[in-house]
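S.K.: Following this line is model32.cif, made up of mmCIF, C-alpha atoms:
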```cif
data_input
loop_
_atom_site.label_atom_id
_atom_site.label_comp_id
_atom_site.auth_asym_id
_atom_site.auth_seq_id
_atom_site.Cartn_x
_atom_site.Cartn_y
_atom_site.Cartn_z
CA MET J 1 -13.37 3.61 0.57
CA GLU J 2 -10.45 2.35 2.61
CA VAL J 3 -7.34 4.33 3.53
CA VAL J 4 -4.31 2.06 3.97
CA ALA J 5 -0.97 3.17 5.40
CA GLY J 6 2.31 1.48 6.26
CA CYS J 7 4.78 2.45 8.96
CA TYR J 8 8.22 1.85 10.45
CA GLU J 9 6.60 -0.42 13.03
CA GLN J 10 5.98 -3.07 10.31
CA VAL J 11 2.19 -2.68 10.44
CA LEU J 12 -0.34 -1.97 7.68
CA PHE J 13 -3.32 0.05 8.89
CA GLY J 14 -6.75 0.05 7.25
CA PHE J 15 -9.44 2.67 7.91
CA ALA J 16 -12.90 2.64 6.34
CA VAL J 17 -14.02 6.20 5.57
CA HIS J 18 -17.64 7.30 5.11
CA PRO J 19 -19.11 10.77 4.50
CA GLU J 20 -21.11 12.15 7.39
CA PRO J 21 -24.58 13.55 6.64
CA VAL J 22 -24.63 17.31 6.23
CA GLY J 23 -27.21 19.06 8.44
CA ASP J 24 -29.63 21.81 7.50
CA GLY J 25 -27.09 24.35 8.69
CA HIS J 26 -25.06 23.56 5.52
CA ARG J 27 -21.88 23.07 7.50
CA GLU J 28 -18.73 21.96 5.70
CA GLN J 29 -18.72 18.31 4.64
CA ARG J 30 -16.85 16.00 7.04
CA TRP J 31 -15.87 12.34 6.67
CA ALA J 32 -15.86 9.74 9.46
CA PRO J 33 -12.95 7.24 9.60
CA VAL J 34 -13.40 3.88 11.35
CA ALA J 35 -10.51 1.54 12.18
CA ASP J 36 -10.97 -1.57 10.03
CA PHE J 37 -7.81 -3.66 10.44
CA THR J 38 -4.14 -3.75 11.37
CA HIS J 39 -1.94 -6.37 9.77
CA HIS J 40 1.59 -7.31 10.80
CA ALA J 41 2.71 -9.32 7.75
CA HIS J 42 6.21 -7.91 7.22
CA THR J 43 9.33 -8.37 9.33
CA ALA J 44 10.72 -4.90 8.60
CA SER J 45 9.36 -1.41 7.98
CA LEU J 46 6.97 -0.87 5.07
CA SER J 47 8.35 1.15 2.17
CA ALA J 48 5.66 1.18 -0.56
CA VAL J 49 1.91 0.71 -1.08
CA ALA J 50 -0.11 0.31 -4.30
CA VAL J 51 -3.82 -0.32 -4.94
CA ASN J 52 -6.08 -1.40 -7.78
CA SER J 53 -9.79 -2.24 -7.89
CA ARG J 54 -9.38 -5.40 -5.82
CA PHE J 55 -5.94 -5.67 -4.23
CA VAL J 56 -3.65 -3.71 -1.95
CA VAL J 57 0.04 -4.62 -2.19
CA THR J 58 2.79 -3.58 0.20
CA GLY J 59 6.56 -3.60 -0.13
CA SER J 60 9.04 -3.69 2.71
CA LYS J 61 12.67 -3.62 3.71
CA ASP J 62 12.25 -7.35 4.35
CA GLU J 63 12.46 -7.70 0.53
CA THR J 64 8.95 -9.13 0.10
CA ILE J 65 5.70 -7.91 -1.48
CA HIS J 66 2.49 -8.85 0.32
CA ILE J 67 -0.91 -9.00 -1.38
CA TYR J 68 -4.23 -8.29 0.33
CA ASP J 69 -7.60 -9.13 -1.23
CA MET J 70 -9.76 -6.20 -0.19
CA LYS J 71 -12.96 -7.79 -1.46
CA LYS J 72 -12.55 -10.78 0.85
CA LYS J 73 -10.43 -9.00 3.48
CA VAL J 74 -7.80 -11.76 3.51
CA ASP J 75 -4.03 -11.99 3.09
CA HIS J 76 -3.62 -13.23 -0.48
CA GLY J 77 0.04 -14.22 -0.27
CA ALA J 78 3.54 -12.90 -0.90
CA LEU J 79 5.87 -12.31 -3.86
CA MET J 80 9.51 -13.04 -3.13
CA HIS J 81 11.40 -12.45 -6.36
CA HIS J 82 13.45 -9.46 -5.18
CA ASN J 83 16.65 -9.54 -3.13
CA GLY J 84 16.62 -6.02 -1.77
CA THR J 85 14.36 -3.42 -0.17
CA ILE J 86 11.20 -2.86 -2.22
CA THR J 87 11.44 0.79 -3.24
CA CYS J 88 8.35 1.27 -5.45
CA LEU J 89 5.10 -0.42 -6.46
CA LYS J 90 2.66 0.67 -9.17
CA PHE J 91 -0.40 -0.96 -10.72
CA HIS J 92 -0.95 -0.43 -14.44
CA GLY J 93 -4.70 -0.86 -14.69
CA ASN J 94 -5.97 -4.03 -13.05
CA ARG J 95 -3.86 -6.47 -15.06
CA HIS J 96 -0.26 -5.61 -14.18
CA LEU J 97 1.84 -4.69 -11.16
CA ILE J 98 5.32 -3.21 -11.53
CA SER J 99 7.79 -3.51 -8.67
CA GLY J 100 11.25 -2.04 -8.18
CA ALA J 101 13.85 -2.81 -5.54
CA GLU J 102 17.39 -2.08 -4.42
CA ASP J 103 18.56 -5.28 -6.13
CA GLY J 104 18.39 -3.36 -9.40
CA LEU J 105 15.46 -5.38 -10.79
CA ILE J 106 12.16 -4.11 -12.12
CA CYS J 107 9.55 -6.87 -12.28
CA VAL J 108 6.33 -6.86 -14.30
CA TRP J 109 3.68 -9.08 -12.70
CA ASP J 110 0.44 -10.52 -14.06
CA ALA J 111 -2.03 -9.33 -11.41
CA ARG J 112 -4.45 -12.19 -12.15
CA ARG J 113 -2.20 -15.22 -11.76
CA TRP J 114 0.65 -13.30 -10.08
CA GLU J 115 3.21 -14.56 -12.58
CA CYS J 116 6.43 -12.62 -13.05
CA LEU J 117 6.15 -11.81 -16.75
CA LYS J 118 9.44 -9.97 -17.01
CA SER J 119 12.48 -9.19 -14.86
CA ILE J 120 14.44 -6.23 -16.21
CA ARG J 121 17.86 -5.25 -14.95
CA ALA J 122 17.99 -1.53 -14.08
CA HIS J 123 18.51 1.11 -15.16
CA LYS J 124 16.75 1.96 -18.41
CA THR J 125 13.30 2.92 -19.71
CA TRP J 126 11.31 0.22 -21.45
CA ASN J 127 8.76 -0.54 -24.08
CA LEU J 128 6.56 -2.74 -21.87
CA VAL J 129 4.78 -4.29 -24.86
CA GLU J 130 8.00 -5.92 -26.02
CA GLY J 131 10.01 -5.69 -22.79
CA ARG J 132 12.81 -3.79 -24.52
CA SER J 133 14.49 -0.46 -23.91
CA ALA J 134 12.49 2.34 -25.52
CA PHE J 135 14.42 5.46 -24.53
CA ILE J 136 17.38 6.44 -22.36
CA LYS J 137 17.83 9.88 -20.81
CA ASN J 138 20.97 10.81 -18.88
CA ILE J 139 19.95 13.08 -16.00
CA LYS J 140 23.56 13.11 -14.69
CA GLN J 141 22.48 12.79 -11.06
CA SER J 142 20.78 10.22 -8.88
CA ALA J 143 17.03 10.89 -8.72
CA HIS J 144 14.82 9.43 -6.00
CA ILE J 145 11.36 10.13 -7.51
CA VAL J 146 9.96 9.95 -11.05
CA GLU J 147 6.26 10.73 -11.56
CA TRP J 148 4.18 10.82 -14.77
CA SER J 149 1.33 13.23 -15.42
CA PRO J 150 -2.19 11.73 -15.81
CA LYS J 151 -2.14 11.91 -19.63
CA GLY J 152 1.51 10.93 -19.91
CA GLU J 153 2.48 14.12 -21.74
CA LYS J 154 5.07 15.09 -19.15
CA TYR J 155 6.96 13.66 -16.19
CA VAL J 156 8.91 15.08 -13.28
CA VAL J 157 12.25 13.92 -11.92
CA VAL J 158 13.07 14.77 -8.30
CA ILE J 159 16.66 15.22 -7.10
CA LEU J 160 16.81 16.33 -3.45
CA ASN J 161 14.78 19.59 -3.42
CA ARG J 162 14.86 20.13 -7.20
CA ILE J 163 12.02 19.04 -9.50
CA ASP J 164 12.80 18.93 -13.23
CA VAL J 165 9.78 18.94 -15.54
CA TYR J 166 10.26 16.96 -18.77
CA GLN J 167 8.06 17.14 -21.85
CA LEU J 168 7.60 13.76 -23.51
CA ASP J 169 7.46 15.10 -27.07
CA THR J 170 10.81 16.90 -26.78
CA ALA J 171 12.46 14.66 -24.14
CA SER J 172 13.96 17.78 -22.62
CA VAL J 173 13.56 19.80 -19.44
CA SER J 174 10.89 22.46 -19.86
CA GLY J 175 11.50 23.98 -16.44
CA THR J 176 12.69 23.45 -12.89
CA ILE J 177 10.81 23.86 -9.61
CA THR J 178 12.82 24.36 -6.42
CA ASN J 179 11.28 23.37 -3.10
CA GLU J 180 12.53 24.78 0.20
CA LYS J 181 13.32 21.34 1.69
CA ARG J 182 14.13 17.89 0.33
CA VAL J 183 11.12 16.49 -1.53
CA SER J 184 9.62 13.27 -0.14
CA SER J 185 6.50 12.93 -2.29
CA VAL J 186 4.87 14.42 -5.40
CA THR J 187 1.53 13.73 -7.06
CA PHE J 188 -0.20 15.31 -10.05
CA LEU J 189 -3.57 16.88 -9.26
CA SER J 190 -4.13 17.60 -12.96
CA GLU J 191 -2.06 17.59 -16.12
CA SER J 192 -0.39 20.85 -15.07
CA VAL J 193 -0.76 21.10 -11.27
CA LEU J 194 1.69 19.21 -9.06
CA ALA J 195 1.39 18.73 -5.28
CA VAL J 196 4.77 18.70 -3.53
CA ALA J 197 5.61 17.60 0.02
CA GLY J 198 8.98 17.31 1.72
CA ASP J 199 10.87 17.32 4.97
CA GLU J 200 8.57 19.96 6.41
CA GLU J 201 4.97 20.44 7.55
CA VAL J 202 3.85 22.26 4.39
CA VAL J 203 2.29 21.01 1.14
CA ARG J 204 2.65 23.21 -1.94
CA PHE J 205 0.79 23.27 -5.27
CA PHE J 206 2.90 24.19 -8.31
CA ASP J 207 1.94 25.02 -11.88
CA CYS J 208 4.23 22.91 -14.08
CA ASP J 209 3.80 25.29 -17.04
CA SER J 210 4.50 28.61 -15.34
CA LEU J 211 6.67 26.96 -12.62
CA THR J 212 5.00 29.16 -9.99
CA CYS J 213 3.70 28.19 -6.56
CA LEU J 214 -0.09 28.49 -6.65
CA SER J 215 -0.65 27.97 -2.92
CA GLU J 216 0.70 26.31 0.19
CA PHE J 217 -0.83 25.17 3.48
CA LYS J 218 0.33 23.60 6.73
CA ALA J 219 -0.77 19.98 6.58
CA HIS J 220 0.95 18.42 9.61
CA GLU J 221 3.09 19.06 12.67
CA ASN J 222 6.00 17.08 11.22
CA ARG J 223 7.37 16.19 7.78
CA VAL J 224 4.97 14.80 5.20
CA LYS J 225 6.06 11.32 4.09
CA ASP J 226 3.55 10.45 1.35
CA MET J 227 0.53 11.73 -0.57
CA PHE J 228 -2.27 10.20 -2.62
CA SER J 229 -4.96 11.93 -4.68
CA PHE J 230 -8.23 10.60 -6.09
CA GLU J 231 -11.60 11.81 -7.33
CA THR J 232 -15.14 10.88 -6.41
CA PRO J 233 -18.30 12.18 -8.13
CA GLU J 234 -18.52 14.86 -5.43
CA HIS J 235 -14.93 15.68 -4.50
CA HIS J 236 -11.31 15.83 -5.56
CA VAL J 237 -9.39 14.58 -2.52
CA LEU J 238 -5.75 14.74 -1.42
CA VAL J 239 -4.59 12.37 1.34
CA THR J 240 -1.40 13.06 3.31
CA ALA J 241 0.56 10.94 5.79
CA SER J 242 3.16 12.30 8.16
CA SER J 243 5.83 11.25 10.62
CA ASP J 244 3.59 12.81 13.28
CA GLY J 245 1.37 9.72 12.97
CA PHE J 246 -1.59 11.48 11.37
CA ILE J 247 -3.36 10.69 8.11
CA LYS J 248 -5.38 13.63 6.80
CA MET J 249 -7.87 13.87 3.95
CA TRP J 250 -8.29 17.22 2.22
CA LYS J 251 -11.03 18.47 -0.07
CA LEU J 252 -9.40 20.30 -2.97
CA LYS J 253 -10.94 23.46 -4.39
CA GLN J 254 -11.52 24.00 -8.08
CA ASP J 255 -9.14 26.95 -7.89
CA LYS J 256 -5.84 25.51 -6.68
CA LYS J 257 -4.82 28.95 -5.47
CA VAL J 258 -7.25 28.38 -2.61
CA SER J 259 -6.07 26.12 0.20
CA PRO J 260 -8.03 22.87 0.66
CA SER J 261 -10.37 22.16 3.57
CA LEU J 262 -9.93 19.27 6.00
CA LEU J 263 -12.37 16.37 5.61
CA CYS J 264 -11.03 14.14 8.39
CA GLU J 265 -7.90 13.14 10.28
CA ILE J 266 -6.71 9.85 11.77
CA ASN J 267 -4.13 9.43 14.51
CA THR J 268 -2.31 6.10 14.09
CA ASN J 269 0.31 6.75 16.80
CA ALA J 270 2.89 5.31 14.39
CA ARG J 271 5.69 6.64 12.21
CA LEU J 272 4.00 6.50 8.82
CA THR J 273 5.99 5.83 5.65
CA CYS J 274 3.54 5.21 2.78
CA LEU J 275 -0.17 5.25 1.98
CA GLY J 276 -2.84 4.47 -0.58
CA VAL J 277 -6.63 4.58 -0.96
CA TRP J 278 -8.66 1.58 -2.07
CA LEU J 279 -11.96 2.55 -3.71
CA ASP J 280 -14.64 -0.13 -3.65
CA ARG J 281 -15.67 0.23 -7.26
CA ARG J 282 -17.73 -2.38 -9.06
CA THR J 283 -15.61 -4.09 -11.71
CA ASP J 284 -16.30 -6.69 -14.34
CA THR J 285 -15.90 -10.26 -13.13
CA LYS J 286 -13.23 -10.79 -15.78
CA GLU J 287 -10.90 -8.59 -13.73
CA SER J 288 -11.02 -11.03 -10.82
CA PRO J 289 -8.20 -13.59 -10.65
CA PRO J 290 -9.09 -17.27 -10.98
CA ALA J 291 -9.57 -19.33 -7.88
CA ALA J 292 -6.33 -21.20 -8.54
CA ALA J 293 -4.42 -17.97 -7.93
CA GLU J 294 -5.66 -17.68 -4.35
CA PRO J 295 -3.25 -19.69 -2.15
CA ALA J 296 -3.38 -20.12 1.59
CA PRO J 297 -1.31 -17.85 3.88
CA VAL J 298 2.34 -18.76 4.29
CA SER J 299 4.23 -19.05 7.58
CA LYS J 300 7.31 -16.95 8.36
CA GLU J 301 9.46 -20.09 8.25
CA GLN J 302 8.18 -20.91 4.76
CA SER J 303 8.75 -17.31 3.70
CA ARG J 304 12.41 -17.41 4.70
CA ARG J 305 12.98 -20.75 2.96
CA ASN J 306 11.24 -19.64 -0.24
CA LYS J 307 13.12 -16.34 -0.27
CA GLU J 308 16.46 -18.16 -0.16
CA GLU J 309 15.39 -20.34 -3.07
CA SER J 310 14.22 -17.25 -4.99
CA GLY J 311 17.68 -15.71 -4.69
CA HIS J 312 19.18 -18.66 -6.54
CA ALA J 313 16.46 -18.40 -9.17
CA VAL J 314 17.43 -14.82 -10.10
CA GLN J 315 20.99 -15.95 -10.77
CA GLU J 316 19.77 -18.83 -12.92
CA GLU J 317 17.45 -16.46 -14.80
CA GLU J 318 20.34 -14.23 -15.85
CA LYS J 319 22.12 -17.22 -17.42
CA GLN J 320 19.23 -17.95 -19.76
CA PRO J 321 19.82 -16.52 -23.26
CA LYS J 322 16.11 -16.08 -24.05
CA PRO J 323 14.01 -16.28 -20.90
CA ASP J 324 10.34 -17.09 -21.16
CA ALA J 325 7.67 -15.72 -18.85
CA GLU J 326 8.60 -16.69 -15.31
CA LYS J 327 6.09 -17.98 -12.82
CA CYS J 328 6.91 -16.44 -9.46
CA SER J 329 5.64 -16.80 -5.96
CA LEU J 330 2.46 -16.11 -4.12
CA THR J 331 2.73 -18.21 -0.98
CA GLY J 332 3.46 -21.69 0.22
CA ASP J 333 5.02 -23.99 -2.34
CA SER J 334 4.97 -21.44 -5.16
CA ASN J 335 7.44 -18.93 -3.75
CA LYS J 336 10.22 -19.93 -6.15
CA PRO J 337 10.10 -18.74 -9.79
CA THR J 338 9.28 -21.76 -11.94
CA ARG J 339 8.68 -22.65 -15.57
CA GLY J 340 5.36 -23.93 -16.87
CA ASN J 341 1.83 -23.58 -15.60
CA SER J 342 1.68 -25.98 -12.64
CA LEU J 343 2.60 -25.32 -9.03
CA VAL J 344 5.75 -27.26 -8.17
CA SER J 345 6.68 -28.34 -4.66
CA ALA J 346 9.69 -26.70 -3.00
CA LYS J 347 11.45 -30.08 -2.66
CA LYS J 348 11.03 -30.89 -6.35
CA ARG J 349 12.16 -27.38 -7.42
CA LYS J 350 15.28 -27.68 -5.28
CA THR J 351 16.11 -31.03 -6.86
CA VAL J 352 15.62 -29.66 -10.38
CA GLU J 353 17.75 -26.62 -9.58
CA MET J 354 20.57 -28.81 -8.26
CA LEU J 355 20.46 -30.89 -11.44
#
```
Please, can you express the file's structure as structure tokens?
M.R.:
Amino acid sequence: MEVVAGCYEQVLFGFAVHPEPVGDGHREQRWAPVADFTHHAHTASLSAVAVNSRFVVTGSKDETIHIYDMKKKVDHGALMHHNGTITCLKFHGNRHLISGAEDGLICVWDARRWECLKSIRAHKTWNLVEGRSAFIKNIKQSAHIVEWSPKGEKYVVVILNRIDVYQLDTASVSGTITNEKRVSSVTFLSESVLAVAGDEEVVRFFDCDSLTCLSEFKAHENRVKDMFSFETPEHHVLVTASSDGFIKMWKLKQDKKVSPSLLCEINTNARLTCLGVWLDRRTDTKESPPAAAEPAPVSKEQSRRNKEESGHAVQEEEKQPKPDAEKCSLTGDSNKPTRGNSLVSAKKRKTVEML
């Protein structure tokens, strides 16, 4: 497995993590992290990370999304459709990536060819099959986190230090959890147990049904910025990243009233902002993108030029009465959203746009 984390210093860290052999003394299991890579692809601080079975994607305040092929350990390119800080990234399976930004756009990407299938103007909730609004709920305040439960039967909306729990079948608040400090990250450990971290050193586990705090433990020396949970055949693991520069991996107990045990810790000496865990799982070859979707790296000068062209493309897109699927950028010549299935040179696209 590979732990990846972004920071204010514009760097993406990668650490390969392997379980250490347990001796005859039956001591507690420990994991050994090994520095694998550091990548300085962005020109501003990183704000979001997402992973699927092959790729790691990062979003930044430089308004770009970078793609890393973890199988080949290469920079796969950049998506430049947004004109604002990338605020969130989520993979839906291995076929789609959803990105959100401060420009008010939510983009749905084909994660094989990296086409922008849909650009939706915020802020609504959508039926992603048809790309239309499915449901609207007025929460009356500005929320900064929305997180769905694993089965999709409930979701939580975070406003400062308040966490409202919504039931999908009733579309109403079933209860409210109040944290001591502003909440910075939440993640579901099960359908009913929610891990909550905020502007403090502590991580708390809450029961979303009874709304009670099951347990809490000191995870870091400074505020916890992000969390990520995953399961292996042997363990259920929670990963935390903090402004103190440390990434820590915790082994969760079956009884969430019992505090987790530390598996390993990594000192990055950076101000961490976001994290993810890439699991090297064998997937069917059909999930791999075609060779044509693997462009060469793009220079910073090309990135700036393509980003400027992309800004004009968003304006043109809004003028279209019935937009088709838009082909958006990876790197190089393809950084401008285009129609059709062929890669068009930047010079030709600029001429067409002027016409």
S.K.: If you count only C-alpha atoms, which residues fall within 6 Å of segment 179-183 of chain J, apart from same-chain ones fewer than 3 positions away, as a ChimeraX atom specification?
M.R.: /J:160-161,197-199
S.K.: Between J:Leu262, J:Val158, J:Met1, J:Ile106, which one has atoms that come closest to Arg30 of chain J, using only C-alpha atoms?
M.R.: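 Counting only C-alpha atoms, the residue closest to Arg30 of chain J is J:Leu262.
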S.K.: Write out as a PyMOL selection string which residues come within 7 Å of segment 176-178 of chain J when counting all atoms listed in the file, dropping same-chain ones fewer than 2 positions away.
M.R.: chain J and resi 161-165+180+211
S.K.: Write the selection just made, keeping C-alpha atoms, as a tab-separated table (two decimals), in the coordinates of the input?
M.R.:
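To be explicit, this is the file written out as again_0.tsv:
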```tsv
chain	number	residue	atom	x	y	z
J	161	ASN	CA	14.78	19.59	-3.42
J	162	ARG	CA	14.86	20.13	-7.20
J	163	ILE	CA	12.02	19.04	-9.50
J	164	ASP	CA	12.80	18.93	-13.23
J	165	VAL	CA	9.78	18.94	-15.54
J	180	GLU	CA	12.53	24.78	0.20
J	211	LEU	CA	6.67	26.96	-12.62
```
S.K.: As a list of chain:residue names, please: the residues near Val173 of chain J (cut-off 10 Å, all atoms listed in the file, same-chain neighbours under 6 positions excluded).
M.R.: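 The residues that qualify are J:Ile139, J:Lys154, J:Tyr155, J:Val156, J:Val157, J:Asp164, J:Val165, J:Tyr166, J:Gln167.
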S.K.: So, with all atoms listed in the file as the atoms that count, which of J:Lys218, J:Arg223, J:His235, J:Arg54 lies closest to Pro19 of chain J?
M.R.: J:His235
S.K.: Could you tell me which of J:Leu214, J:Val34, J:Ala41, J:Ala111 comes closest to Val11 of chain J if we count all atoms listed in the file?
M.R.: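 Counting all atoms listed in the file, the residue closest to Val11 of chain J is J:Ala41.
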S.K.: Since I can't run it myself right now, could you work out what the PyMOL selection byres ((chain J and resi 2) around 10) selects here and report it as a tab-separated table (two decimals) with C-alpha atoms, in the coordinates of the input?
M.R.:
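What landed in part_24.tsv:
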```tsv
chain	number	residue	atom	x	y	z
J	1	MET	CA	-13.37	3.61	0.57
J	3	VAL	CA	-7.34	4.33	3.53
J	4	VAL	CA	-4.31	2.06	3.97
J	5	ALA	CA	-0.97	3.17	5.40
J	13	PHE	CA	-3.32	0.05	8.89
J	14	GLY	CA	-6.75	0.05	7.25
J	15	PHE	CA	-9.44	2.67	7.91
J	16	ALA	CA	-12.90	2.64	6.34
J	17	VAL	CA	-14.02	6.20	5.57
J	18	HIS	CA	-17.64	7.30	5.11
J	33	PRO	CA	-12.95	7.24	9.60
J	34	VAL	CA	-13.40	3.88	11.35
J	35	ALA	CA	-10.51	1.54	12.18
J	36	ASP	CA	-10.97	-1.57	10.03
J	70	MET	CA	-9.76	-6.20	-0.19
J	276	GLY	CA	-2.84	4.47	-0.58
J	277	VAL	CA	-6.63	4.58	-0.96
J	278	TRP	CA	-8.66	1.58	-2.07
J	279	LEU	CA	-11.96	2.55	-3.71
J	280	ASP	CA	-14.64	-0.13	-3.65
```
S.K.: Can you measure atom CA of Phe228 of chain J to atom CA of Val186 of chain J for me? One decimal in Å is fine.
M.R.: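 According to the coordinates, atom CA of Phe228 of chain J and atom CA of Val186 of chain J are separated by 8.7 Å.
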S.K.: Tell me which of J:Glu147, J:Leu89, J:Phe55, J:Leu79 sits closest to Cys116 of chain J, counting all atoms listed in the file.
M.R.: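 Between J:Glu147, J:Leu89, J:Phe55, J:Leu79, the residue approaching Cys116 of chain J most closely is J:Leu79.
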S.K.: Restricting the calculation to only C-alpha atoms: of J:Val51, J:Val224, J:Val193, J:Ala241, which residue gets closest to Asp255 of chain J?
M.R.: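 For Asp255 of chain J, the nearest of the given residues is J:Val193.
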S.K.: Would you write out, as a compact mmCIF listing (two decimals) with C-alpha atoms, in the coordinates of the input, every residue that the PyMOL selection byres ((chain J and resi 62) around 7) captures in this file?
M.R.:
```
# COMPACT_ATOMS: atom_id res chain seq x y z
CA HIS J 42 6.21 -7.91 7.22
CA THR J 43 9.33 -8.37 9.33
CA ALA J 44 10.72 -4.90 8.60
CA SER J 60 9.04 -3.69 2.71
CA LYS J 61 12.67 -3.62 3.71
CA GLU J 63 12.46 -7.70 0.53
CA THR J 64 8.95 -9.13 0.10
CA THR J 85 14.36 -3.42 -0.17
```
S.K.: Distance atom CA of Ser229 of chain J-atom CA of Ala122 of chain J, one decimal place?
M.R.: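 For atom CA of Ser229 of chain J relative to atom CA of Ala122 of chain J, the distance reads 28.2 Å.
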S.K.: How many Å separate atom CA of Ala270 of chain J from atom CA of Phe246 of chain J?
M.R.: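 The value is 8.2 Å.
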S.K.: Using the chain letters and residue numbers of this document, give as number ranges by chain the residues selected by the PyMOL selection byres ((chain J and resi 266) around 8).
M.R.: J: 33, 246-248, 264-265, 267-268
S.K.: Tell me which protein, DNA and RNA residues are within 9 Å of Glu9 of chain J, counting only C-alpha atoms, leaving out same-chain ones fewer than 4 positions away, and put them as a PDB file with C-alpha atoms, in the frame of the given file.
M.R.:
```pdb
ATOM      1  CA  HIS J  40       1.590  -7.310  10.800  1.00  0.00           C
ATOM      2  CA  ALA J  44      10.720  -4.900   8.600  1.00  0.00           C
ATOM      3  CA  SER J  45       9.360  -1.410   7.980  1.00  0.00           C
ATOM      4  CA  LEU J  46       6.970  -0.870   5.070  1.00  0.00           C
ATOM      5  CA  ALA J 270       2.890   5.310  14.390  1.00  0.00           C
ATOM      6  CA  ARG J 271       5.690   6.640  12.210  1.00  0.00           C
ATOM      7  CA  LEU J 272       4.000   6.500   8.820  1.00  0.00           C
TER       8      LEU J 272
END
```
S.K.: Find, counting all atoms listed in the file, the residue in J:Lys118, J:His236, J:His144, J:Lys256 that gets nearest to Thr87 of chain J.
M.R.: J:His144
S.K.: Counting all atoms listed in the file, select every polymer residue within 9 Å of (-8.3, 23.1, -3.4) as defined in the file's coordinates, and provide the selection as a ChimeraX atom specification.
M.R.: /J:236-238,250-261
S.K.: Select, counting all atoms listed in the file, all protein, DNA and RNA residues no farther than 9 Å from (-0.1, 23.2, 4.6) in file coordinates, and express the selection as a ChimeraX atom specification.
M.R.: /J:201-204,215-220,259-260
S.K.: Can I get the selected residues back with C-alpha atoms, as a PDB file, in the frame of the given file?
M.R.:
```pdb
ATOM      1  CA  GLU J 201       4.970  20.440   7.550  1.00  0.00           C
ATOM      2  CA  VAL J 202       3.850  22.260   4.390  1.00  0.00           C
ATOM      3  CA  VAL J 203       2.290  21.010   1.140  1.00  0.00           C
ATOM      4  CA  ARG J 204       2.650  23.210  -1.940  1.00  0.00           C
ATOM      5  CA  SER J 215      -0.650  27.970  -2.920  1.00  0.00           C
ATOM      6  CA  GLU J 216       0.700  26.310   0.190  1.00  0.00           C
ATOM      7  CA  PHE J 217      -0.830  25.170   3.480  1.00  0.00           C
ATOM      8  CA  LYS J 218       0.330  23.600   6.730  1.00  0.00           C
ATOM      9  CA  ALA J 219      -0.770  19.980   6.580  1.00  0.00           C
ATOM     10  CA  HIS J 220       0.950  18.420   9.610  1.00  0.00           C
ATOM     11  CA  SER J 259      -6.070  26.120   0.200  1.00  0.00           C
ATOM     12  CA  PRO J 260      -8.030  22.870   0.660  1.00  0.00           C
TER      13      PRO J 260
END
```
